[in-house]
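Reading through the structure tokens given below for one structure.
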Amino acid sequence: MAIQSTLRALGDPTRREILNLLKEGSRTAGELGAHFPISPPALSKHLNVLKEADLIRDRREGKFIRYELNASVLEEVLLWLTALKGEEK
């Protein structure tokens with residue numbers, strides 16, 4: 001797990017909101033972009049950061065690319081944080 005890239009990706013509020021939208025199901029960049037007052041290139045950069053951190057996946061459907069959440073990376077982060085915290089006494 002590349003925890004540094006994951007935490008960097010999670011550090012941005014726009015990227016966290018993208019993840020919140022994707023937890024409801026896959027979406028295209030256009031569907032995601034409708035929720036933000038940012039340019040398409042800025043959205044593309046956010047999506048690339050999330051993909052590099054393996055927090056989202058993309059798949060082509062016809063002429064569209066759909067993005068979906070990769071929850072397994074989030075589970076790994078939660079396990080790491082839980083282990084870091086240690087057992088409560």
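Letters for chains follow the order of the structure tokens (A, B, ...), residue numbers begin at 1 for each chain, and ligand numbers begin at 1 in the order shown.
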Give me the segment 46-85 of chain A side of the contact with segment 18-25 of chain A, cut-off 10 Å, one line per residue showing its nearest atom pair and distance in Å at one decimal, counting only C-alpha atoms, sorted by chain and residue number, as JSON lines.
{"residue": "A:His46", "atom": "CA", "partner": "A:Ile18", "partner_atom": "CA", "distance": 8.7}
{"residue": "A:Leu47", "atom": "CA", "partner": "A:Ile18", "partner_atom": "CA", "distance": 8.4}
{"residue": "A:Leu50", "atom": "CA", "partner": "A:Leu19", "partner_atom": "CA", "distance": 8.7}
{"residue": "A:Leu55", "atom": "CA", "partner": "A:Leu19", "partner_atom": "CA", "distance": 8.1}
{"residue": "A:Ile56", "atom": "CA", "partner": "A:Leu19", "partner_atom": "CA", "distance": 8.0}
{"residue": "A:Arg66", "atom": "CA", "partner": "A:Gly25", "partner_atom": "CA", "distance": 9.7}
{"residue": "A:Tyr67", "atom": "CA", "partner": "A:Leu22", "partner_atom": "CA", "distance": 7.4}
{"residue": "A:Glu68", "atom": "CA", "partner": "A:Leu22", "partner_atom": "CA", "distance": 5.7}
{"residue": "A:Leu69", "atom": "CA", "partner": "A:Leu22", "partner_atom": "CA", "distance": 5.6}
{"residue": "A:Asn70", "atom": "CA", "partner": "A:Lys23", "partner_atom": "CA", "distance": 9.1}
{"residue": "A:Ala71", "atom": "CA", "partner": "A:Lys23", "partner_atom": "CA", "distance": 8.6}
Among segment 5-76 of chain A, which residues does DSSP mark as strand (DSSP E or B) when it is run on the backbone? Keep the chain and numbering as in the structure and answer as a PDB file with N, CA and C atoms, in the first residue's frame.
ATOM      1  N   ARG A  27     -19.733   6.785 -12.149  1.00  0.00           N
ATOM      2  CA  ARG A  27     -20.151   8.009 -12.836  1.00  0.00           C
ATOM      3  C   ARG A  27     -19.128   8.378 -13.894  1.00  0.00           C
ATOM      4  N   THR A  28     -19.579   9.117 -14.879  1.00  0.00           N
ATOM      5  CA  THR A  28     -18.670   9.652 -15.885  1.00  0.00           C
ATOM      6  C   THR A  28     -18.056  10.949 -15.355  1.00  0.00           C
ATOM      7  N   ILE A  56      -9.660   5.023  -7.041  1.00  0.00           N
ATOM      8  CA  ILE A  56     -10.730   4.840  -8.026  1.00  0.00           C
ATOM      9  C   ILE A  56     -10.195   4.037  -9.201  1.00  0.00           C
ATOM     10  N   ARG A  57     -11.121   3.459  -9.947  1.00  0.00           N
ATOM     11  CA  ARG A  57     -10.804   2.743 -11.180  1.00  0.00           C
ATOM     12  C   ARG A  57     -11.645   3.341 -12.291  1.00  0.00           C
ATOM     13  N   ASP A  58     -11.164   3.179 -13.509  1.00  0.00           N
ATOM     14  CA  ASP A  58     -11.963   3.634 -14.640  1.00  0.00           C
ATOM     15  C   ASP A  58     -12.146   2.492 -15.628  1.00  0.00           C
ATOM     16  N   ARG A  59     -13.264   2.555 -16.349  1.00  0.00           N
ATOM     17  CA  ARG A  59     -13.536   1.552 -17.382  1.00  0.00           C
ATOM     18  C   ARG A  59     -14.309   2.232 -18.502  1.00  0.00           C
ATOM     19  N   ARG A  60     -13.997   1.816 -19.702  1.00  0.00           N
ATOM     20  CA  ARG A  60     -14.629   2.409 -20.875  1.00  0.00           C
ATOM     21  C   ARG A  60     -15.959   1.717 -21.153  1.00  0.00           C
ATOM     22  N   GLU A  61     -16.978   2.533 -21.387  1.00  0.00           N
ATOM     23  CA  GLU A  61     -18.291   2.060 -21.832  1.00  0.00           C
ATOM     24  C   GLU A  61     -18.649   2.860 -23.068  1.00  0.00           C
ATOM     25  N   PHE A  64     -17.704   6.665 -23.432  1.00  0.00           N
ATOM     26  CA  PHE A  64     -17.558   7.254 -22.103  1.00  0.00           C
ATOM     27  C   PHE A  64     -16.606   6.436 -21.235  1.00  0.00           C
ATOM     28  N   ILE A  65     -15.986   7.121 -20.285  1.00  0.00           N
ATOM     29  CA  ILE A  65     -15.191   6.454 -19.257  1.00  0.00           C
ATOM     30  C   ILE A  65     -15.949   6.616 -17.952  1.00  0.00           C
ATOM     31  N   ARG A  66     -16.206   5.498 -17.301  1.00  0.00           N
ATOM     32  CA  ARG A  66     -16.906   5.525 -16.018  1.00  0.00           C
ATOM     33  C   ARG A  66     -15.889   5.310 -14.910  1.00  0.00           C
ATOM     34  N   TYR A  67     -16.056   6.062 -13.833  1.00  0.00           N
ATOM     35  CA  TYR A  67     -15.167   5.974 -12.678  1.00  0.00           C
ATOM     36  C   TYR A  67     -15.925   5.312 -11.547  1.00  0.00           C
ATOM     37  N   GLU A  68     -15.205   4.465 -10.790  1.00  0.00           N
ATOM     38  CA  GLU A  68     -15.830   3.793  -9.647  1.00  0.00           C
ATOM     39  C   GLU A  68     -14.848   3.732  -8.491  1.00  0.00           C
ATOM     40  N   LEU A  69     -15.391   3.652  -7.309  1.00  0.00           N
ATOM     41  CA  LEU A  69     -14.620   3.609  -6.079  1.00  0.00           C
ATOM     42  C   LEU A  69     -13.910   2.274  -5.938  1.00  0.00           C
TER      43      LEU A  69
END
Inset, instruction - Quote the spacing between atom CA of Thr6 of chain A and atom CA of Ala53 of chain A in Å to one decimal place. - result: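 So the two atoms, atom CA of Thr6 of chain A and atom CA of Ala53 of chain A, lie 5.0 Å apart.
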Legend entry - Every residue of chain A that DSSP places in alpha helix (DSSP H), as a ChimeraX atom specification: /A:3-10,13-22,29-33,40-52,71-85
Inset, instruction - Have a look at atom CA of Glu75 of chain A and atom CA of Ser26 of chain A and let me know their distance in Å, one decimal. - result: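 Distance between the two atoms: 18.7 Å.
For the residues A:Pro41, A:Ala29, A:Glu52, A:Ala34, ranking by smallest atom-to-atom distance to Arg8 of chain A using only C-alpha atoms places A:Glu52 first.
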Legend entry - Residue nearest Ile38 of chain A among A:Thr82, A:Ile3, A:Lys51, A:Thr14 (counting only C-alpha atoms):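 Ranking A:Thr82, A:Ile3, A:Lys51, A:Thr14 by distance to Ile38 of chain A, first place goes to A:Thr14.
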